[in-house]
Every structure is written in C-alpha cells, then in structure tokens.
Amino acid sequence: MESRRTGGQTPPLPCVQWRELSELRSWARRGLLSLAEGGRGGLRVSLVRLLPPPVLLSSRDGHVSLVRELKAALGSPPGALVLAVGGGGLLAGVSAGLAEVGWQHVPIVAMETRGAHCFNAAVEAGRLVTLPSITSVAKCLGAKTVAARALACTQELRILSEVVEDSEAVTAVQRFLDDERMLVEPACGAALAAIYSGLLGKLQAAGRLSPTLASVVVIVCGGNSIDSRELQELKAQLGQS
C-alpha cells in the first residue's frame, strides 16, 4: 500500500520490491566474478518503484530508503553495489543511504554507457564537465552534466566509475531477459553489463574490488520505455543478431 503525507510527518517510503534472482555461483562458473568460500551466493536485485510526487518528498528520499530496506533484507553489507548513473540522483541518494546505515565502506560501481558518460568525464577531470551531446542509445542516462552532489560523493565513499559500450549494455539487456524473463532499458543494461561483460571480475583481478565477494547488489530500474520490438531494433542498429 502506498504511503501518503499525513499530519506534516514524513511517512515510510516503500520504494523497493525485492526479488532474489540467479545464484552468484552461476556467474562464478561463467568466470564473471569470484566468490568467497561459504558466501551466501545470492544476487540481490532491487526493483525501484518510483512513486508519484505527492507520495515522495523527493526522489532522493526514495533512494535513501532503498538502502534502509536493503539493510533490513540483507542484515550484513554486500561486497559491492552496482548502479547506473544518469544525472546522479540515484548515486547521491544511495550514497547518503549507505552513510546513514553505516555501510559507507561498501564500494559502489557506478556504470555509464559511452556517449552518456558525464559522471565519468567529471571524475576524470576532477570537476563538472558538460558533454557536447548524448550519443548513446541509453537515452535515460542522457544528462549532459552530472549533479554536483554526485561528484562530491566520490570524496566521501569508494566509488568506481566505469564506462561500457552501447553494445555491451544491449547485450546485457538481452541476456538478463533470457536469464530472468525481465525486459529492461539500455540504461539499466549499463548496470547489468558490470556482470555480463565480466567487468566485476576484471575489477577483482586488478585489485579494485575484493578478490572474493560474498554478495553483490545490482540496482535494476528502468523498464517502462522498451518493448521486444525496440530491443530488436537496438540490436540491429548495433549490428547484433
């Protein structure tokens, strides 16, 4: 049931629907990442339900509450948290949530597609950067300049800014559909590509993530603006069969 403002008080913000999906051990068998011995092995995926403006005081409140619900569901912190970055609101809100629950040591893998990589450009430059245009097919990530607050989060938490190609994001969309029967947009595919492209395993091998991960959280959101026909058109555009 949706919560609403009452008596000037801020109600609980039920913005997350939890599903525990594929076993991480299946990812390990594919050589995509390494697991800790005795690890729980569950890939937790949060589906963010964006509530209408009268319900949420701001989208940031919902993103913070996502982490509260994550802590209630997991109990212990994950080995890494993966999300996609557009304008930076989700990153800023999740960062605030991690700090609030005492999980600020959890590394965030912030994913973008090339051509919509305003956060990565800002991280590399050490200042806000405005992209000349958005050339990625992941139009939902289409902010030319990331929020200043998102860039500031890199000074407060451990955030790994990573960029994948459009082809990797769309491949991740197709593979996630095949694995989990869930169709998401290329913007979400950017986050999923952290696993499907083998990026997490590469970060582990490079010493940027723990060589063994007991659990990984991937925030999956964005599925309203795609259907099977559009997915096939995107694959054709990128030369994928």
# chains A, B, ... in the order shown; residues from 1 in each chain; ligands from 1
call {"tool": "residues_around", "arguments": {"residues": "stretch 91-99 of chain A", "least_positions_apart": "5", "cutoff": "8 Å", "atoms": "only C-alpha atoms", "output": "mmCIF file with N, CA and C atoms, in the first residue's frame"}}
result
data_model
loop_
_atom_site.group_PDB
_atom_site.id
_atom_site.type_symbol
_atom_site.label_atom_id
_atom_site.label_comp_id
_atom_site.auth_asym_id
_atom_site.auth_seq_id
_atom_site.Cartn_x
_atom_site.Cartn_y
_atom_site.Cartn_z
ATOM 1 N N ARG A 60 15.280 11.585 -3.919
ATOM 2 C CA ARG A 60 16.402 11.251 -3.044
ATOM 3 C C ARG A 60 15.918 10.502 -1.809
ATOM 4 N N ASP A 61 14.760 10.901 -1.250
ATOM 5 C CA ASP A 61 14.214 10.196 -0.092
ATOM 6 C C ASP A 61 13.978 8.726 -0.426
ATOM 7 N N GLY A 62 13.455 8.487 -1.620
ATOM 8 C CA GLY A 62 13.214 7.113 -2.027
ATOM 9 C C GLY A 62 14.499 6.335 -2.180
ATOM 10 N N HIS A 63 15.533 6.975 -2.725
ATOM 11 C CA HIS A 63 16.806 6.296 -2.908
ATOM 12 C C HIS A 63 17.463 5.977 -1.569
ATOM 13 N N VAL A 64 17.341 6.887 -0.599
ATOM 14 C CA VAL A 64 17.879 6.623 0.736
ATOM 15 C C VAL A 64 17.129 5.461 1.379
ATOM 16 N N SER A 65 15.803 5.465 1.245
ATOM 17 C CA SER A 65 15.019 4.400 1.872
ATOM 18 C C SER A 65 15.296 3.052 1.224
ATOM 19 N N LEU A 66 15.721 3.068 -0.037
ATOM 20 C CA LEU A 66 16.117 1.827 -0.698
ATOM 21 C C LEU A 66 17.220 1.136 0.100
ATOM 22 N N VAL A 67 18.194 1.926 0.573
ATOM 23 C CA VAL A 67 19.307 1.343 1.327
ATOM 24 C C VAL A 67 18.834 0.866 2.698
ATOM 25 N N ARG A 68 17.907 1.588 3.307
ATOM 26 C CA ARG A 68 17.360 1.123 4.586
ATOM 27 C C ARG A 68 16.714 -0.253 4.411
ATOM 28 N N LEU A 83 25.195 0.229 -9.729
ATOM 29 C CA LEU A 83 24.059 1.025 -10.193
ATOM 30 C C LEU A 83 24.456 1.803 -11.440
ATOM 31 N N ALA A 84 23.449 2.253 -12.177
ATOM 32 C CA ALA A 84 23.680 3.093 -13.347
ATOM 33 C C ALA A 84 23.591 4.561 -12.936
ATOM 34 N N VAL A 85 24.340 5.402 -13.632
ATOM 35 C CA VAL A 85 24.349 6.839 -13.346
ATOM 36 C C VAL A 85 23.846 7.595 -14.565
ATOM 37 N N GLN A 104 29.176 2.879 4.630
ATOM 38 C CA GLN A 104 29.907 3.728 3.697
ATOM 39 C C GLN A 104 31.175 3.076 3.163
ATOM 40 N N VAL A 106 31.128 0.153 1.722
ATOM 41 C CA VAL A 106 30.736 -0.694 0.592
ATOM 42 C C VAL A 106 31.082 0.022 -0.717
ATOM 43 N N ALA A 110 29.753 2.509 -10.309
ATOM 44 C CA ALA A 110 28.853 3.443 -10.988
ATOM 45 C C ALA A 110 29.020 3.285 -12.496
ATOM 46 N N ARG A 149 26.383 17.194 -6.504
ATOM 47 C CA ARG A 149 26.366 16.355 -5.305
ATOM 48 C C ARG A 149 26.895 14.958 -5.607
ATOM 49 N N ALA A 150 26.584 14.434 -6.792
ATOM 50 C CA ALA A 150 27.075 13.104 -7.161
ATOM 51 C C ALA A 150 28.594 13.097 -7.247
ATOM 52 N N CYS A 153 30.227 13.009 -3.884
ATOM 53 C CA CYS A 153 30.181 11.704 -3.212
ATOM 54 C C CYS A 153 31.469 10.919 -3.405
ATOM 55 N N LEU A 157 32.855 8.418 -0.339
ATOM 56 C CA LEU A 157 32.714 6.971 -0.411
ATOM 57 C C LEU A 157 33.637 6.434 -1.493
#
call {"tool": "residues_around", "arguments": {"residues": "A:Leu81", "least_positions_apart": "2", "cutoff": "8 Å", "atoms": "only C-alpha atoms", "output": "list in words"}}
result
Pro78, Gly79, Leu83, Val106, Pro107, Ile108, Val109, Val216, Val217, Val218 and Ile219 of chain A
call {"tool": "residues_around", "arguments": {"residues": "stretch 166-180 of chain A", "least_positions_apart": "5", "cutoff": "8 Å", "atoms": "only C-alpha atoms", "output": "list of chain:residue names"}}
result
A:Leu21, A:Ser22, A:Thr113, A:Arg114, A:Ser136, A:Val137, A:Ala138, A:Glu185, A:Pro186, A:Ala187, A:Cys188, A:Gly189, A:Ala190, A:Ala191, A:Leu192, A:Ala193, A:Tyr196, A:Ser197, A:Leu231, A:Leu234, A:Lys235, A:Leu238, A:Gln240
call {"tool": "write_last_selection", "arguments": {"atoms": "N, CA and C atoms", "output": "PDB file, in the first residue's frame"}}
result
ATOM      1  N   LEU A  21      17.419 -13.266  -7.315  1.00  0.00           N
ATOM      2  CA  LEU A  21      17.471 -13.882  -8.627  1.00  0.00           C
ATOM      3  C   LEU A  21      18.579 -14.925  -8.701  1.00  0.00           C
ATOM      4  N   SER A  22      19.224 -15.012  -9.838  1.00  0.00           N
ATOM      5  CA  SER A  22      20.171 -16.089 -10.107  1.00  0.00           C
ATOM      6  C   SER A  22      21.244 -16.213  -9.028  1.00  0.00           C
ATOM      7  N   THR A 113      27.112   4.355 -20.035  1.00  0.00           N
ATOM      8  CA  THR A 113      27.466   3.989 -21.406  1.00  0.00           C
ATOM      9  C   THR A 113      28.250   5.136 -22.039  1.00  0.00           C
ATOM     10  N   ARG A 114      29.170   4.780 -22.928  1.00  0.00           N
ATOM     11  CA  ARG A 114      29.931   5.811 -23.629  1.00  0.00           C
ATOM     12  C   ARG A 114      28.978   6.645 -24.491  1.00  0.00           C
ATOM     13  N   SER A 136      24.756   8.093 -26.918  1.00  0.00           N
ATOM     14  CA  SER A 136      24.458   6.715 -26.529  1.00  0.00           C
ATOM     15  C   SER A 136      23.001   6.371 -26.817  1.00  0.00           C
ATOM     16  N   VAL A 137      22.728   5.077 -27.028  1.00  0.00           N
ATOM     17  CA  VAL A 137      21.340   4.632 -27.181  1.00  0.00           C
ATOM     18  C   VAL A 137      20.626   4.601 -25.837  1.00  0.00           C
ATOM     19  N   ALA A 138      21.385   4.691 -24.748  1.00  0.00           N
ATOM     20  CA  ALA A 138      20.798   4.692 -23.398  1.00  0.00           C
ATOM     21  C   ALA A 138      20.317   6.097 -23.073  1.00  0.00           C
ATOM     22  N   GLU A 185      15.539  -1.387 -19.917  1.00  0.00           N
ATOM     23  CA  GLU A 185      16.069  -0.456 -20.903  1.00  0.00           C
ATOM     24  C   GLU A 185      17.598  -0.524 -20.952  1.00  0.00           C
ATOM     25  N   PRO A 186      18.208  -0.019 -22.042  1.00  0.00           N
ATOM     26  CA  PRO A 186      19.673   0.005 -22.125  1.00  0.00           C
ATOM     27  C   PRO A 186      20.333   0.757 -20.975  1.00  0.00           C
ATOM     28  N   ALA A 187      19.654   1.770 -20.432  1.00  0.00           N
ATOM     29  CA  ALA A 187      20.221   2.486 -19.284  1.00  0.00           C
ATOM     30  C   ALA A 187      20.437   1.531 -18.120  1.00  0.00           C
ATOM     31  N   CYS A 188      19.478   0.652 -17.894  1.00  0.00           N
ATOM     32  CA  CYS A 188      19.622  -0.373 -16.861  1.00  0.00           C
ATOM     33  C   CYS A 188      20.647  -1.410 -17.296  1.00  0.00           C
ATOM     34  N   GLY A 189      20.703  -1.670 -18.604  1.00  0.00           N
ATOM     35  CA  GLY A 189      21.695  -2.604 -19.127  1.00  0.00           C
ATOM     36  C   GLY A 189      23.114  -2.176 -18.809  1.00  0.00           C
ATOM     37  N   ALA A 190      23.328  -0.870 -18.640  1.00  0.00           N
ATOM     38  CA  ALA A 190      24.661  -0.386 -18.265  1.00  0.00           C
ATOM     39  C   ALA A 190      25.081  -0.983 -16.928  1.00  0.00           C
ATOM     40  N   ALA A 191      24.145  -1.033 -15.963  1.00  0.00           N
ATOM     41  CA  ALA A 191      24.452  -1.626 -14.661  1.00  0.00           C
ATOM     42  C   ALA A 191      24.648  -3.131 -14.786  1.00  0.00           C
ATOM     43  N   LEU A 192      23.754  -3.790 -15.518  1.00  0.00           N
ATOM     44  CA  LEU A 192      23.853  -5.240 -15.681  1.00  0.00           C
ATOM     45  C   LEU A 192      25.119  -5.643 -16.430  1.00  0.00           C
ATOM     46  N   ALA A 193      25.614  -4.759 -17.289  1.00  0.00           N
ATOM     47  CA  ALA A 193      26.833  -5.058 -18.042  1.00  0.00           C
ATOM     48  C   ALA A 193      28.040  -5.206 -17.129  1.00  0.00           C
ATOM     49  N   TYR A 196      27.602  -8.998 -16.842  1.00  0.00           N
ATOM     50  CA  TYR A 196      27.578  -9.766 -18.089  1.00  0.00           C
ATOM     51  C   TYR A 196      28.817  -9.546 -18.953  1.00  0.00           C
ATOM     52  N   SER A 197      29.448  -8.381 -18.857  1.00  0.00           N
ATOM     53  CA  SER A 197      30.657  -8.132 -19.648  1.00  0.00           C
ATOM     54  C   SER A 197      31.909  -8.670 -18.968  1.00  0.00           C
ATOM     55  N   LEU A 231      13.821  -3.574 -28.624  1.00  0.00           N
ATOM     56  CA  LEU A 231      15.059  -4.290 -28.334  1.00  0.00           C
ATOM     57  C   LEU A 231      15.659  -4.853 -29.615  1.00  0.00           C
ATOM     58  N   LEU A 234      17.244  -2.050 -31.578  1.00  0.00           N
ATOM     59  CA  LEU A 234      18.522  -1.639 -30.996  1.00  0.00           C
ATOM     60  C   LEU A 234      19.625  -2.626 -31.366  1.00  0.00           C
ATOM     61  N   LYS A 235      19.311  -3.901 -31.307  1.00  0.00           N
ATOM     62  CA  LYS A 235      20.302  -4.919 -31.656  1.00  0.00           C
ATOM     63  C   LYS A 235      20.701  -4.800 -33.126  1.00  0.00           C
ATOM     64  N   LEU A 238      23.004  -1.888 -33.685  1.00  0.00           N
ATOM     65  CA  LEU A 238      24.357  -2.118 -33.180  1.00  0.00           C
ATOM     66  C   LEU A 238      25.030  -3.314 -33.842  1.00  0.00           C
ATOM     67  N   GLN A 240      23.979  -6.464 -33.921  1.00  0.00           N
ATOM     68  CA  GLN A 240      23.856  -7.708 -33.169  1.00  0.00           C
ATOM     69  C   GLN A 240      22.742  -8.551 -33.776  1.00  0.00           C
TER      70      GLN A 240
END
call {"tool": "atom_distance", "arguments": {"atom1": "atom CA of A:Ala116", "atom2": "atom CA of A:Thr135"}}
result
6.7 Å
call {"tool": "residues_around", "arguments": {"residues": "A:Ser210", "least_positions_apart": "2", "cutoff": "12 Å", "atoms": "only C-alpha atoms", "output": "number ranges by chain"}}
result
A: 33-36, 78-80, 106-107, 200-208, 212-216
call {"tool": "write_last_selection", "arguments": {"atoms": "C-alpha atoms", "output": "PDB file, in the first residue's frame"}}
result
ATOM      1  CA  LEU A  33      33.472 -12.936 -10.818  1.00  0.00           C
ATOM      2  CA  SER A  34      34.996 -14.742  -7.835  1.00  0.00           C
ATOM      3  CA  LEU A  35      33.085 -15.755  -4.723  1.00  0.00           C
ATOM      4  CA  ALA A  36      34.114 -16.141  -1.115  1.00  0.00           C
ATOM      5  CA  PRO A  78      27.213  -6.638   0.430  1.00  0.00           C
ATOM      6  CA  GLY A  79      30.647  -6.915  -1.102  1.00  0.00           C
ATOM      7  CA  ALA A  80      29.749  -4.340  -3.760  1.00  0.00           C
ATOM      8  CA  VAL A 106      30.736  -0.694   0.592  1.00  0.00           C
ATOM      9  CA  PRO A 107      32.220   0.077  -2.845  1.00  0.00           C
ATOM     10  CA  LEU A 200      33.362  -7.122 -11.964  1.00  0.00           C
ATOM     11  CA  GLY A 201      35.784  -9.989 -12.471  1.00  0.00           C
ATOM     12  CA  LYS A 202      38.268  -7.613 -14.103  1.00  0.00           C
ATOM     13  CA  LEU A 203      37.966  -5.182 -11.188  1.00  0.00           C
ATOM     14  CA  GLN A 204      38.638  -8.077  -8.828  1.00  0.00           C
ATOM     15  CA  ALA A 205      41.684  -9.169 -10.830  1.00  0.00           C
ATOM     16  CA  ALA A 206      43.005  -5.595 -10.811  1.00  0.00           C
ATOM     17  CA  GLY A 207      42.655  -5.367  -7.026  1.00  0.00           C
ATOM     18  CA  ARG A 208      39.971  -2.677  -7.198  1.00  0.00           C
ATOM     19  CA  THR A 212      36.184 -12.825  -3.235  1.00  0.00           C
ATOM     20  CA  LEU A 213      32.672 -11.408  -2.920  1.00  0.00           C
ATOM     21  CA  ALA A 214      30.115 -12.907  -0.554  1.00  0.00           C
ATOM     22  CA  SER A 215      27.289 -10.987  -2.220  1.00  0.00           C
ATOM     23  CA  VAL A 216      26.671  -8.321  -4.836  1.00  0.00           C
TER      24      VAL A 216
END
call {"tool": "closest_residue", "arguments": {"among": "A:Ser76, A:Thr130, A:Gln232, A:Asn224", "to": "A:Ala147", "atoms": "only C-alpha atoms"}}
result
A:Thr130
call {"tool": "residues_around", "arguments": {"residues": "A:Gly142", "least_positions_apart": "6", "cutoff": "9 Å", "atoms": "only C-alpha atoms", "output": "ChimeraX atom specification"}}
result
/A:86-87,115-118,133-136
call {"tool": "write_last_selection", "arguments": {"atoms": "C-alpha atoms", "output": "mmCIF file, in the first residue's frame"}}
result
data_model
loop_
_atom_site.group_PDB
_atom_site.id
_atom_site.type_symbol
_atom_site.label_atom_id
_atom_site.label_comp_id
_atom_site.auth_asym_id
_atom_site.auth_seq_id
_atom_site.Cartn_x
_atom_site.Cartn_y
_atom_site.Cartn_z
ATOM 1 C CA GLY A 86 22.403 9.389 -15.368
ATOM 2 C CA GLY A 87 22.089 12.793 -13.750
ATOM 3 C CA GLY A 115 28.212 8.834 -25.090
ATOM 4 C CA ALA A 116 26.243 9.417 -21.875
ATOM 5 C CA HIS A 117 29.223 9.335 -19.509
ATOM 6 C CA CYS A 118 29.002 12.762 -17.862
ATOM 7 C CA SER A 133 25.734 15.844 -26.894
ATOM 8 C CA ILE A 134 24.256 12.488 -25.912
ATOM 9 C CA THR A 135 25.261 9.891 -28.477
ATOM 10 C CA SER A 136 24.458 6.715 -26.529
#
